[in-house]
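Undergrad: This is the content of input-v9.tsv (TSV, N, CA and C atoms):
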chain	number	residue	atom	x	y	z
A	1	MET	N	-6.02	-15.23	-6.89
A	1	MET	CA	-6.57	-14.69	-5.67
A	1	MET	C	-7.25	-13.35	-5.98
A	2	LYS	N	-8.46	-13.18	-5.49
A	2	LYS	CA	-9.16	-11.91	-5.62
A	2	LYS	C	-8.71	-11.01	-4.48
A	3	MET	N	-8.11	-9.90	-4.84
A	3	MET	CA	-7.59	-8.98	-3.83
A	3	MET	C	-8.73	-8.21	-3.20
A	4	LYS	N	-8.56	-7.87	-1.92
A	4	LYS	CA	-9.53	-7.07	-1.20
A	4	LYS	C	-8.82	-5.88	-0.57
A	5	LYS	N	-9.60	-4.82	-0.36
A	5	LYS	CA	-9.07	-3.63	0.32
A	5	LYS	C	-8.74	-4.00	1.76
A	6	LEU	N	-7.56	-3.58	2.19
A	6	LEU	CA	-7.12	-3.87	3.56
A	6	LEU	C	-7.58	-2.78	4.52
A	7	PRO	N	-7.99	-3.18	5.72
A	7	PRO	CA	-8.24	-2.18	6.75
A	7	PRO	C	-6.93	-1.45	7.08
A	8	GLU	N	-7.05	-0.26	7.63
A	8	GLU	CA	-5.88	0.60	7.90
A	8	GLU	C	-4.79	-0.12	8.69
A	9	SER	N	-5.15	-0.83	9.74
A	9	SER	CA	-4.14	-1.48	10.58
A	9	SER	C	-3.38	-2.58	9.82
A	10	GLU	N	-4.10	-3.36	9.01
A	10	GLU	CA	-3.43	-4.40	8.22
A	10	GLU	C	-2.55	-3.78	7.15
A	11	LEU	N	-3.01	-2.68	6.57
A	11	LEU	CA	-2.21	-1.99	5.57
A	11	LEU	C	-0.91	-1.46	6.18
A	12	GLU	N	-0.97	-0.98	7.41
A	12	GLU	CA	0.25	-0.50	8.07
A	12	GLU	C	1.26	-1.63	8.25
A	13	ILE	N	0.78	-2.81	8.60
A	13	ILE	CA	1.66	-3.99	8.72
A	13	ILE	C	2.30	-4.29	7.36
A	14	MET	N	1.48	-4.29	6.30
A	14	MET	CA	2.00	-4.60	4.97
A	14	MET	C	2.99	-3.53	4.51
A	15	MET	N	2.72	-2.28	4.80
A	15	MET	CA	3.66	-1.22	4.39
A	15	MET	C	5.01	-1.40	5.08
A	16	ALA	N	4.99	-1.77	6.34
A	16	ALA	CA	6.24	-2.04	7.06
A	16	ALA	C	6.96	-3.22	6.43
A	17	LEU	N	6.21	-4.25	6.07
A	17	LEU	CA	6.79	-5.45	5.47
A	17	LEU	C	7.37	-5.15	4.08
A	18	TRP	N	6.66	-4.39	3.28
A	18	TRP	CA	7.18	-4.01	1.96
A	18	TRP	C	8.45	-3.18	2.10
A	19	GLU	N	8.50	-2.34	3.08
A	19	GLU	CA	9.68	-1.51	3.29
A	19	GLU	C	10.90	-2.35	3.68
A	20	ALA	N	10.66	-3.46	4.36
A	20	ALA	CA	11.76	-4.33	4.81
A	20	ALA	C	12.48	-4.98	3.64
A	21	ASP	N	11.77	-5.22	2.54
A	21	ASP	CA	12.38	-5.80	1.35
A	21	ASP	C	13.04	-7.15	1.62
A	22	GLY	N	12.29	-8.03	2.29
A	22	GLY	CA	12.79	-9.38	2.57
A	22	GLY	C	12.10	-9.94	3.79
A	23	PRO	N	12.31	-11.23	4.06
A	23	PRO	CA	11.66	-11.84	5.24
A	23	PRO	C	12.12	-11.18	6.54
A	24	VAL	N	11.16	-11.00	7.45
A	24	VAL	CA	11.47	-10.36	8.73
A	24	VAL	C	10.85	-11.16	9.88
A	25	PRO	N	11.49	-11.13	11.04
A	25	PRO	CA	10.91	-11.79	12.22
A	25	PRO	C	9.78	-10.93	12.81
A	26	ARG	N	9.01	-11.52	13.68
A	26	ARG	CA	7.86	-10.85	14.30
A	26	ARG	C	8.27	-9.57	15.01
A	27	ASN	N	9.40	-9.57	15.70
A	27	ASN	CA	9.79	-8.38	16.47
A	27	ASN	C	10.16	-7.18	15.59
A	28	TYR	N	10.36	-7.41	14.31
A	28	TYR	CA	10.60	-6.30	13.37
A	28	TYR	C	9.44	-5.31	13.43
A	29	PHE	N	8.22	-5.82	13.56
A	29	PHE	CA	7.03	-4.96	13.57
A	29	PHE	C	6.96	-4.11	14.84
A	30	ASP	N	7.49	-4.66	15.94
A	30	ASP	CA	7.58	-3.86	17.17
A	30	ASP	C	8.45	-2.63	16.93
A	31	LYS	N	9.63	-2.87	16.39
A	31	LYS	CA	10.58	-1.79	16.14
A	31	LYS	C	10.04	-0.78	15.13
A	32	LYS	N	9.43	-1.29	14.09
A	32	LYS	CA	8.97	-0.44	12.99
A	32	LYS	C	7.75	0.39	13.37
A	33	LEU	N	6.85	-0.18	14.17
A	33	LEU	CA	5.58	0.49	14.45
A	33	LEU	C	5.42	0.97	15.88
A	34	LYS	N	6.43	0.75	16.71
A	34	LYS	CA	6.31	1.06	18.14
A	34	LYS	C	6.04	2.54	18.39
A	35	GLU	N	6.73	3.41	17.67
A	35	GLU	CA	6.55	4.83	17.90
A	35	GLU	C	5.17	5.33	17.45
A	36	SER	N	4.70	4.84	16.31
A	36	SER	CA	3.44	5.34	15.77
A	36	SER	C	2.22	4.61	16.34
A	37	LYS	N	2.39	3.39	16.77
A	37	LYS	CA	1.29	2.57	17.30
A	37	LYS	C	1.68	2.04	18.66
A	38	ASN	N	0.70	1.82	19.46
A	38	ASN	CA	0.97	1.22	20.77
A	38	ASN	C	0.24	-0.12	20.82
A	39	TRP	N	0.55	-0.99	19.85
A	39	TRP	CA	-0.11	-2.27	19.74
A	39	TRP	C	0.52	-3.30	20.66
A	40	ALA	N	-0.33	-4.09	21.28
A	40	ALA	CA	0.13	-5.23	22.08
A	40	ALA	C	0.64	-6.32	21.15
A	41	ASP	N	1.47	-7.22	21.69
A	41	ASP	CA	1.96	-8.35	20.89
A	41	ASP	C	0.81	-9.14	20.28
A	42	SER	N	-0.24	-9.33	21.05
A	42	SER	CA	-1.39	-10.11	20.57
A	42	SER	C	-2.06	-9.42	19.38
A	43	THR	N	-2.07	-8.10	19.36
A	43	THR	CA	-2.66	-7.36	18.25
A	43	THR	C	-1.84	-7.57	16.98
A	44	ILE	N	-0.53	-7.46	17.10
A	44	ILE	CA	0.35	-7.66	15.94
A	44	ILE	C	0.22	-9.09	15.43
A	45	LEU	N	0.22	-10.06	16.32
A	45	LEU	CA	0.07	-11.46	15.91
A	45	LEU	C	-1.27	-11.69	15.22
A	46	SER	N	-2.31	-11.07	15.74
A	46	SER	CA	-3.64	-11.20	15.14
A	46	SER	C	-3.66	-10.60	13.73
A	47	LEU	N	-3.07	-9.42	13.56
A	47	LEU	CA	-3.01	-8.79	12.25
A	47	LEU	C	-2.20	-9.62	11.26
A	48	LEU	N	-1.07	-10.15	11.72
A	48	LEU	CA	-0.24	-11.01	10.86
A	48	LEU	C	-1.02	-12.26	10.46
A	49	GLY	N	-1.75	-12.83	11.40
A	49	GLY	CA	-2.56	-14.03	11.11
A	49	GLY	C	-3.64	-13.74	10.07
A	50	ARG	N	-4.31	-12.61	10.22
A	50	ARG	CA	-5.35	-12.24	9.24
A	50	ARG	C	-4.76	-12.03	7.85
A	51	LEU	N	-3.61	-11.37	7.80
A	51	LEU	CA	-2.96	-11.13	6.51
A	51	LEU	C	-2.51	-12.45	5.87
A	52	GLN	N	-2.10	-13.37	6.68
A	52	GLN	CA	-1.70	-14.68	6.17
A	52	GLN	C	-2.94	-15.41	5.61
A	53	GLU	N	-4.04	-15.37	6.34
A	53	GLU	CA	-5.29	-16.01	5.88
A	53	GLU	C	-5.78	-15.41	4.57
A	54	LYS	N	-5.59	-14.11	4.41
A	54	LYS	CA	-6.03	-13.42	3.20
A	54	LYS	C	-5.07	-13.62	2.03
A	55	GLY	N	-3.92	-14.24	2.29
A	55	GLY	CA	-2.95	-14.50	1.22
A	55	GLY	C	-2.01	-13.35	0.92
A	56	PHE	N	-1.90	-12.40	1.84
A	56	PHE	CA	-1.02	-11.26	1.62
A	56	PHE	C	0.41	-11.53	2.05
A	57	LEU	N	0.60	-12.44	2.99
A	57	LEU	CA	1.96	-12.75	3.44
A	57	LEU	C	2.08	-14.22	3.80
A	58	SER	N	3.31	-14.67	3.87
A	58	SER	CA	3.59	-16.05	4.29
A	58	SER	C	4.38	-16.01	5.58
A	59	CYS	N	4.30	-17.10	6.31
A	59	CYS	CA	5.02	-17.22	7.57
A	59	CYS	C	5.79	-18.55	7.54
A	60	GLN	N	7.11	-18.45	7.64
A	60	GLN	CA	7.97	-19.63	7.63
A	60	GLN	C	8.67	-19.75	8.97
A	61	LYS	N	8.66	-20.94	9.51
A	61	LYS	CA	9.34	-21.20	10.78
A	61	LYS	C	10.84	-21.33	10.51
A	62	GLN	N	11.64	-20.59	11.27
A	62	GLN	CA	13.10	-20.71	11.17
A	62	GLN	C	13.63	-20.79	12.60
A	63	GLY	N	13.98	-22.00	13.00
A	63	GLY	CA	14.41	-22.21	14.37
A	63	GLY	C	13.25	-21.96	15.31
A	64	ASN	N	13.44	-21.08	16.27
A	64	ASN	CA	12.37	-20.80	17.23
A	64	ASN	C	11.61	-19.51	16.90
A	65	ARG	N	11.77	-19.01	15.67
A	65	ARG	CA	11.04	-17.79	15.31
A	65	ARG	C	10.37	-17.92	13.95
A	66	ASN	N	9.39	-17.08	13.75
A	66	ASN	CA	8.68	-17.03	12.48
A	66	ASN	C	9.21	-15.88	11.64
A	67	LEU	N	9.36	-16.13	10.34
A	67	LEU	CA	9.77	-15.08	9.40
A	67	LEU	C	8.59	-14.79	8.47
A	68	TYR	N	8.29	-13.51	8.31
A	68	TYR	CA	7.17	-13.08	7.50
A	68	TYR	C	7.68	-12.45	6.21
A	69	GLU	N	6.99	-12.79	5.12
A	69	GLU	CA	7.39	-12.31	3.80
A	69	GLU	C	6.13	-11.99	2.99
A	70	PRO	N	6.14	-10.89	2.25
A	70	PRO	CA	4.95	-10.54	1.47
A	70	PRO	C	4.73	-11.50	0.30
A	71	LEU	N	3.47	-11.80	0.03
A	71	LEU	CA	3.11	-12.59	-1.15
A	71	LEU	C	2.52	-11.68	-2.23
A	72	ILE	N	2.06	-10.52	-1.81
A	72	ILE	CA	1.53	-9.51	-2.73
A	72	ILE	C	2.54	-8.36	-2.76
A	73	LEU	N	2.94	-7.98	-3.94
A	73	LEU	CA	3.89	-6.87	-4.08
A	73	LEU	C	3.18	-5.54	-3.83
A	74	GLU	N	3.94	-4.59	-3.32
A	74	GLU	CA	3.39	-3.26	-3.05
A	74	GLU	C	2.77	-2.66	-4.32
A	75	LYS	N	3.45	-2.80	-5.46
A	75	LYS	CA	2.94	-2.20	-6.69
A	75	LYS	C	1.64	-2.88	-7.14
A	76	GLU	N	1.47	-4.17	-6.83
A	76	GLU	CA	0.21	-4.86	-7.16
A	76	GLU	C	-0.94	-4.29	-6.32
A	77	TYR	N	-0.68	-4.10	-5.03
A	77	TYR	CA	-1.73	-3.58	-4.16
A	77	TYR	C	-2.04	-2.13	-4.51
A	78	LEU	N	-1.03	-1.35	-4.80
A	78	LEU	CA	-1.22	0.05	-5.17
A	78	LEU	C	-2.06	0.15	-6.44
A	79	ALA	N	-1.78	-0.69	-7.42
A	79	ALA	CA	-2.56	-0.70	-8.66
A	79	ALA	C	-4.02	-1.05	-8.37
A	80	TYR	N	-4.24	-2.03	-7.50
A	80	TYR	CA	-5.60	-2.41	-7.12
A	80	TYR	C	-6.32	-1.24	-6.45
A	81	GLU	N	-5.66	-0.59	-5.49
A	81	GLU	CA	-6.26	0.55	-4.79
A	81	GLU	C	-6.55	1.70	-5.74
A	82	ASN	N	-5.63	1.98	-6.66
A	82	ASN	CA	-5.84	3.06	-7.63
A	82	ASN	C	-7.05	2.78	-8.51
A	83	ARG	N	-7.15	1.54	-9.03
A	83	ARG	CA	-8.30	1.17	-9.87
A	83	ARG	C	-9.60	1.29	-9.09
A	84	ASN	N	-9.59	0.79	-7.87
A	84	ASN	CA	-10.77	0.82	-7.03
A	84	ASN	C	-11.22	2.25	-6.75
A	85	PHE	N	-10.28	3.10	-6.38
A	85	PHE	CA	-10.55	4.51	-6.10
A	85	PHE	C	-11.12	5.20	-7.34
A	86	LEU	N	-10.48	4.99	-8.47
A	86	LEU	CA	-10.90	5.63	-9.71
A	86	LEU	C	-12.31	5.19	-10.11
A	87	GLN	N	-12.59	3.88	-9.99
A	87	GLN	CA	-13.92	3.36	-10.33
A	87	GLN	C	-15.00	3.92	-9.41
A	88	LYS	N	-14.77	3.83	-8.11
A	88	LYS	CA	-15.79	4.21	-7.15
A	88	LYS	C	-16.09	5.70	-7.14
A	89	LEU	N	-15.06	6.52	-7.21
A	89	LEU	CA	-15.26	7.95	-7.00
A	89	LEU	C	-15.23	8.82	-8.26
A	90	HIS	N	-14.72	8.27	-9.36
A	90	HIS	CA	-14.57	9.11	-10.55
A	90	HIS	C	-15.04	8.43	-11.82
A	91	GLY	N	-15.93	7.45	-11.69
A	91	GLY	CA	-16.49	6.80	-12.87
A	91	GLY	C	-15.45	6.20	-13.78
A	92	ASN	N	-14.35	5.74	-13.21
A	92	ASN	CA	-13.25	5.12	-13.95
A	92	ASN	C	-12.61	6.09	-14.95
A	93	SER	N	-12.63	7.37	-14.63
A	93	SER	CA	-12.11	8.39	-15.54
A	93	SER	C	-11.00	9.21	-14.89
A	94	ILE	N	-9.82	9.13	-15.47
A	94	ILE	CA	-8.70	9.96	-15.01
A	94	ILE	C	-9.05	11.43	-15.19
A	95	ARG	N	-9.70	11.75	-16.29
A	95	ARG	CA	-10.09	13.13	-16.57
A	95	ARG	C	-10.97	13.67	-15.44
A	96	ASN	N	-11.95	12.87	-15.00
A	96	ASN	CA	-12.83	13.31	-13.91
A	96	ASN	C	-12.04	13.53	-12.62
A	97	LEU	N	-11.07	12.67	-12.35
A	97	LEU	CA	-10.23	12.82	-11.16
A	97	LEU	C	-9.47	14.15	-11.20
A	98	VAL	N	-8.79	14.39	-12.31
A	98	VAL	CA	-8.00	15.62	-12.44
A	98	VAL	C	-8.92	16.84	-12.40
A	99	ALA	N	-10.07	16.76	-13.08
A	99	ALA	CA	-11.01	17.88	-13.09
A	99	ALA	C	-11.49	18.21	-11.67
A	100	SER	N	-11.78	17.19	-10.88
A	100	SER	CA	-12.24	17.45	-9.51
A	100	SER	C	-11.13	18.06	-8.66
A	101	MET	N	-9.88	17.65	-8.91
A	101	MET	CA	-8.76	18.22	-8.17
A	101	MET	C	-8.51	19.67	-8.58
A	102	VAL	N	-8.71	19.99	-9.85
A	102	VAL	CA	-8.54	21.36	-10.32
A	102	VAL	C	-9.64	22.24	-9.72
A	103	LYS	N	-10.87	21.76	-9.76
A	103	LYS	CA	-12.01	22.53	-9.22
A	103	LYS	C	-11.86	22.80	-7.74
A	104	SER	N	-11.33	21.83	-7.00
A	104	SER	CA	-11.17	22.02	-5.55
A	104	SER	C	-9.85	22.71	-5.22
A	105	GLU	N	-9.12	23.10	-6.25
A	105	GLU	CA	-7.85	23.81	-6.11
A	105	GLU	C	-6.78	22.99	-5.39
A	106	ASP	N	-6.85	21.67	-5.54
A	106	ASP	CA	-5.83	20.78	-4.98
A	106	ASP	C	-4.61	20.69	-5.89
A	107	LEU	N	-4.77	21.07	-7.15
A	107	LEU	CA	-3.66	21.06	-8.10
A	107	LEU	C	-3.27	22.50	-8.41
A	108	THR	N	-1.99	22.78	-8.30
A	108	THR	CA	-1.48	24.10	-8.64
A	108	THR	C	-1.09	24.10	-10.12
A	109	GLN	N	-0.79	25.26	-10.62
A	109	GLN	CA	-0.31	25.37	-12.00
A	109	GLN	C	0.98	24.56	-12.16
A	110	SER	N	1.83	24.60	-11.15
A	110	SER	CA	3.07	23.82	-11.16
A	110	SER	C	2.79	22.32	-11.23
A	111	ASP	N	1.79	21.87	-10.48
A	111	ASP	CA	1.41	20.45	-10.51
A	111	ASP	C	0.96	20.06	-11.91
A	112	LEU	N	0.16	20.92	-12.53
A	112	LEU	CA	-0.34	20.63	-13.88
A	112	LEU	C	0.81	20.58	-14.89
A	113	GLU	N	1.79	21.46	-14.73
A	113	GLU	CA	2.95	21.45	-15.62
A	113	GLU	C	3.77	20.18	-15.42
A	114	ASP	N	3.94	19.76	-14.16
A	114	ASP	CA	4.64	18.50	-13.88
A	114	ASP	C	3.90	17.32	-14.52
A	115	LEU	N	2.58	17.34	-14.41
A	115	LEU	CA	1.76	16.27	-14.99
A	115	LEU	C	1.91	16.26	-16.51
A	116	ARG	N	1.88	17.44	-17.11
A	116	ARG	CA	2.04	17.53	-18.58
A	116	ARG	C	3.40	16.98	-19.01
A	117	ARG	N	4.47	17.36	-18.28
A	117	ARG	CA	5.81	16.84	-18.60
A	117	ARG	C	5.85	15.32	-18.47
A	118	TYR	N	5.24	14.81	-17.39
A	118	TYR	CA	5.23	13.36	-17.20
A	118	TYR	C	4.48	12.67	-18.35
A	119	LEU	N	3.33	13.19	-18.71
A	119	LEU	CA	2.55	12.59	-19.79
A	119	LEU	C	3.30	12.65	-21.11
A	120	ASP	N	4.03	13.73	-21.35
A	120	ASP	CA	4.86	13.83	-22.55
A	120	ASP	C	5.93	12.75	-22.56
A	121	GLN	N	6.55	12.51	-21.40
A	121	GLN	CA	7.58	11.46	-21.29
A	121	GLN	C	6.97	10.08	-21.57
A	122	VAL	N	5.81	9.84	-21.00
A	122	VAL	CA	5.13	8.56	-21.21
A	122	VAL	C	4.80	8.38	-22.68
A	123	LYS	N	4.31	9.43	-23.30
A	123	LYS	CA	3.94	9.40	-24.72
A	123	LYS	C	5.15	9.07	-25.59
A	124	LYS	N	6.32	9.60	-25.20
A	124	LYS	CA	7.56	9.35	-25.95
A	124	LYS	C	8.15	7.97	-25.67
A	125	GLY	N	7.63	7.31	-24.64
A	125	GLY	CA	8.11	5.97	-24.30
A	125	GLY	C	9.33	5.97	-23.42
A	126	GLU	N	9.55	7.03	-22.67
A	126	GLU	CA	10.73	7.13	-21.78
A	126	GLU	C	10.52	6.36	-20.51
Once more with this new file: its structure as structure tokens, please.

TA:
Amino acid sequence: MKMKKLPESELEIMMALWEADGPVPRNYFDKKLKESKNWADSTILSLLGRLQEKGFLSCQKQGNRNLYEPLILEKEYLAYENRNFLQKLHGNSIRNLVASMVKSEDLTQSDLEDLRRYLDQVKKGE
């Protein structure tokens, strides 16, 4: 399956589903997103249907309710988004990304030290 970037609303559904860590009924999304979103039932059903069509989740009938389960892992989607972001905005260069963050003062000296420690750990194979 060729992955595609999800619109914000579909991504919010997927993030809630990934957080659940297992199959969930439709009303789970009401509880999870009710405070932050004021979506009608039809909106949630529509988003779930689109995500199912795109191959991001499955829907299994269990008695009189549907259970939704992710087909794409969060780490798979995150890797796709990271690659896409890096390619489009930074010429596929981590160095360009970090350089732009340093120039715009988005990275502090502490952030750079944390990054150096992390890279040292990766280099050592930890």

Undergrad: What does the distance between atom N of Leu51 of chain A and atom N of Pro7 of chain A come to in Å, to one decimal place?

TA: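 Here the two named atoms are 9.5 Å from each other.
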
Undergrad: Please indicate the distance in Å from atom C of Pro70 of chain A to atom CA of Phe56 of chain A, rounded to one decimal place.

TA: 5.9 Å

Undergrad: Show which residues sit within 8 Å of segment 42-46 of chain A, as a list in words. Count only N, CA and C atoms, and ignore same-chain residues fewer than 4 positions away.

TA: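 So the residues in contact are Arg26, Phe29, Asp30, Arg50, Leu51 and Gln52 of chain A.
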
Undergrad: With N, CA and C atoms retained, export the selected residues as a PDB file, in the frame of the given file.

TA:
ATOM      1  N   ARG A  26       9.010 -11.520  13.680  1.00  0.00           N
ATOM      2  CA  ARG A  26       7.860 -10.850  14.300  1.00  0.00           C
ATOM      3  C   ARG A  26       8.270  -9.570  15.010  1.00  0.00           C
ATOM      4  N   PHE A  29       8.220  -5.820  13.560  1.00  0.00           N
ATOM      5  CA  PHE A  29       7.030  -4.960  13.570  1.00  0.00           C
ATOM      6  C   PHE A  29       6.960  -4.110  14.840  1.00  0.00           C
ATOM      7  N   ASP A  30       7.490  -4.660  15.940  1.00  0.00           N
ATOM      8  CA  ASP A  30       7.580  -3.860  17.170  1.00  0.00           C
ATOM      9  C   ASP A  30       8.450  -2.630  16.930  1.00  0.00           C
ATOM     10  N   ARG A  50      -4.310 -12.610  10.220  1.00  0.00           N
ATOM     11  CA  ARG A  50      -5.350 -12.240   9.240  1.00  0.00           C
ATOM     12  C   ARG A  50      -4.760 -12.030   7.850  1.00  0.00           C
ATOM     13  N   LEU A  51      -3.610 -11.370   7.800  1.00  0.00           N
ATOM     14  CA  LEU A  51      -2.960 -11.130   6.510  1.00  0.00           C
ATOM     15  C   LEU A  51      -2.510 -12.450   5.870  1.00  0.00           C
ATOM     16  N   GLN A  52      -2.100 -13.370   6.680  1.00  0.00           N
ATOM     17  CA  GLN A  52      -1.700 -14.680   6.170  1.00  0.00           C
ATOM     18  C   GLN A  52      -2.940 -15.410   5.610  1.00  0.00           C
TER      19      GLN A  52
END

Undergrad: Out of A:Asn92, A:Glu74, A:Gln109, A:Gln62, which residue has the shortest atom-to-atom distance to Met15 of chain A when counting all atoms listed in the file?

TA: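 The shortest atom-to-atom distance to Met15 of chain A comes from A:Glu74.
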
Undergrad: With distances taken over only N, CA and C atoms, which residue among A:Glu69, A:Asp120, A:Leu47, A:Asn27 lies nearest Glu10 of chain A?

TA: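 With only N, CA and C atoms as the atom set, the closest residue is A:Leu47.
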
Undergrad: One decimal, in Å: what's the spacing between atom CA of Gly22 of chain A and atom CA of Lys2 of chain A?

TA: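 Computing the Euclidean distance for atom CA of Gly22 of chain A and atom CA of Lys2 of chain A yields 23.6 Å.
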
Undergrad: Nearest to Leu48 of chain A: which of A:Ser9, A:Asn64, A:Asn82, A:Gln121 is it, counting only C-alpha atoms?

TA: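 Ranked by minimum distance to Leu48 of chain A, first place goes to A:Ser9.
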
Undergrad: List every residue of chain A that DSSP, applied to the backbone of this structure, places in helix (DSSP H, G or I), and write the result as a ChimeraX atom specification.

TA: /A:8-20,27-33,41-53,74-90,94-103,109-124

Undergrad: So that I can check the surroundings of Val24 of chain A, please list as a PDB file with N, CA and C atoms, in the frame of the given file every protein, DNA and RNA residue that reaches within 7 Å of it, counting only C-alpha atoms and ignoring chain neighbours fewer than 4 positions away.

TA:
ATOM      1  N   TYR A  28      10.360  -7.410  14.310  1.00  0.00           N
ATOM      2  CA  TYR A  28      10.600  -6.300  13.370  1.00  0.00           C
ATOM      3  C   TYR A  28       9.440  -5.310  13.430  1.00  0.00           C
ATOM      4  N   LEU A  67       9.360 -16.130  10.340  1.00  0.00           N
ATOM      5  CA  LEU A  67       9.770 -15.080   9.400  1.00  0.00           C
ATOM      6  C   LEU A  67       8.590 -14.790   8.470  1.00  0.00           C
ATOM      7  N   TYR A  68       8.290 -13.510   8.310  1.00  0.00           N
ATOM      8  CA  TYR A  68       7.170 -13.080   7.500  1.00  0.00           C
ATOM      9  C   TYR A  68       7.680 -12.450   6.210  1.00  0.00           C
ATOM     10  N   GLU A  69       6.990 -12.790   5.120  1.00  0.00           N
ATOM     11  CA  GLU A  69       7.390 -12.310   3.800  1.00  0.00           C
ATOM     12  C   GLU A  69       6.130 -11.990   2.990  1.00  0.00           C
TER      13      GLU A  69
END

Undergrad: Could you tell me which of A:Lys37, A:Pro25, A:Tyr118, A:His90 comes closest to Arg65 of chain A if we count all atoms listed in the file?

TA: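 Checking each of A:Lys37, A:Pro25, A:Tyr118, A:His90 against Arg65 of chain A, counting all atoms listed in the file, the winner is A:Pro25.
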
Undergrad: Name the residues of segment 7-121 of chain A that come out as strand (DSSP E or B) in a backbone DSSP run; write them as a PyMOL selection string.

TA: chain A and resi 24-25+57-62+65-70
